[in-house]
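Working notes, beginning with the structure itself.
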Amino acid sequence: MAVPEDSPLLSELIGQVIVVDLISTYACLGVLTGFDPLFLDLRDADLHDFRDGAATREVYVYESATLGIRPNRERVLLRLADVVAVSRLSDVATG
């Protein structure tokens, strides 16, 4: 999934806390600071492996939206080829 460097859809998310669903057992929450045709660049990120706990992806993201994210990475680069979906954390239904 290569994205042009001038993608208006991703550009409007820069500076916002986003949720990135990946094709693997991982999801990442953090502030989108930039992107290029190969990577998303997130800061103050929580890269979470769902094999490490009992919470489903939906429950984990919901809890992060209501309680706040728990960063475990100062910076993380995510390969766009591994991305399934990107959304604002504030767009997650919390009630």
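How things are named: the first chain in the structure tokens is A, the next is B, and so on; residues count from 1 in each chain; ligands count from 1 in the order shown.
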
Please extract the residues of region 16-93 of chain A with a backbone DSSP assignment of helix (DSSP H, G or I) and present them as an MDAnalysis selection string.
chainID A and resid 50:52 57:67 80:82 89:91

Do you know which residues are at most 12 Å from Tyr62 (chain A) counting only C-alpha atoms, after dropping those on the same chain fewer than 4 positions away, and could you put them as a ChimeraX atom specification?
/A:19,29,55-58,66-69,89-95

Looking at only C-alpha atoms, which of A:Glu74, A:Glu63, A:Asp49, A:Glu12 is the one that sits closest to Gly34 (chain A)?
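With only C-alpha atoms as the atom set, the closest residue is A:Glu12.
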
Taking 4 positions as the minimum chain separation for residues in the same chain, which residues sit within 10 Å of Thr25 (chain A) when counting only C-alpha atoms? Answer as a PyMOL selection string.
chain A and resi 21+48-52+57

Give me the residues near Val86 (chain A) as an MDAnalysis selection string, where near means some atom within 9 Å (using only C-alpha atoms) and where sequence neighbours in that chain fewer than 2 positions away do not count.
chainID A and resid 10 18:21 83:84 88

How would the residues just chosen look if you wrote them out with C-alpha atoms as an mmCIF file, in the first residue's frame?
```
data_model
loop_
_atom_site.group_PDB
_atom_site.id
_atom_site.type_symbol
_atom_site.label_atom_id
_atom_site.label_comp_id
_atom_site.auth_asym_id
_atom_site.auth_seq_id
_atom_site.Cartn_x
_atom_site.Cartn_y
_atom_site.Cartn_z
ATOM 1 C CA LEU A 10 -3.117 11.220 5.726
ATOM 2 C CA ILE A 18 -4.269 7.843 15.597
ATOM 3 C CA VAL A 19 -4.951 4.116 15.741
ATOM 4 C CA VAL A 20 -3.166 1.968 13.171
ATOM 5 C CA ASP A 21 -4.485 -1.565 12.720
ATOM 6 C CA VAL A 83 -1.397 -1.295 7.502
ATOM 7 C CA VAL A 84 -5.040 -2.375 7.345
ATOM 8 C CA ARG A 88 -8.270 9.082 14.758
#
```

Pick from A:Leu38, A:Leu78, A:Ala65, A:Ala54 nearest to Val17 (chain A), counting only C-alpha atoms
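Looking only at the distances to Val17 (chain A), the closest residue turns out to be A:Ala65.
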
Among chain A, which residues carry a DSSP assignment of strand (DSSP E or B), reported as a PyMOL selection string?
chain A and resi 17-22+26-35+39-49+73-79+83-88

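We find CA of Ile14 (chain A) and CA of Leu32 (chain A) to be spaced 5.0 Å apart.
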
Atomic separation - CA of Leu77 (chain A) relative to CA of Leu42 (chain A), Å
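Between CA of Leu42 (chain A) and CA of Leu77 (chain A) the gap works out to 6.4 Å.
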
Provide the CA of Pro71 (chain A) to CA of Gly30 (chain A) distance in Å, to one decimal place.
7.5 Å

Using only C-alpha atoms, find the one residue out of A:Leu47, A:Val59, A:Arg70, A:Ala85 that sits nearest to Tyr26 (chain A).
A:Leu47
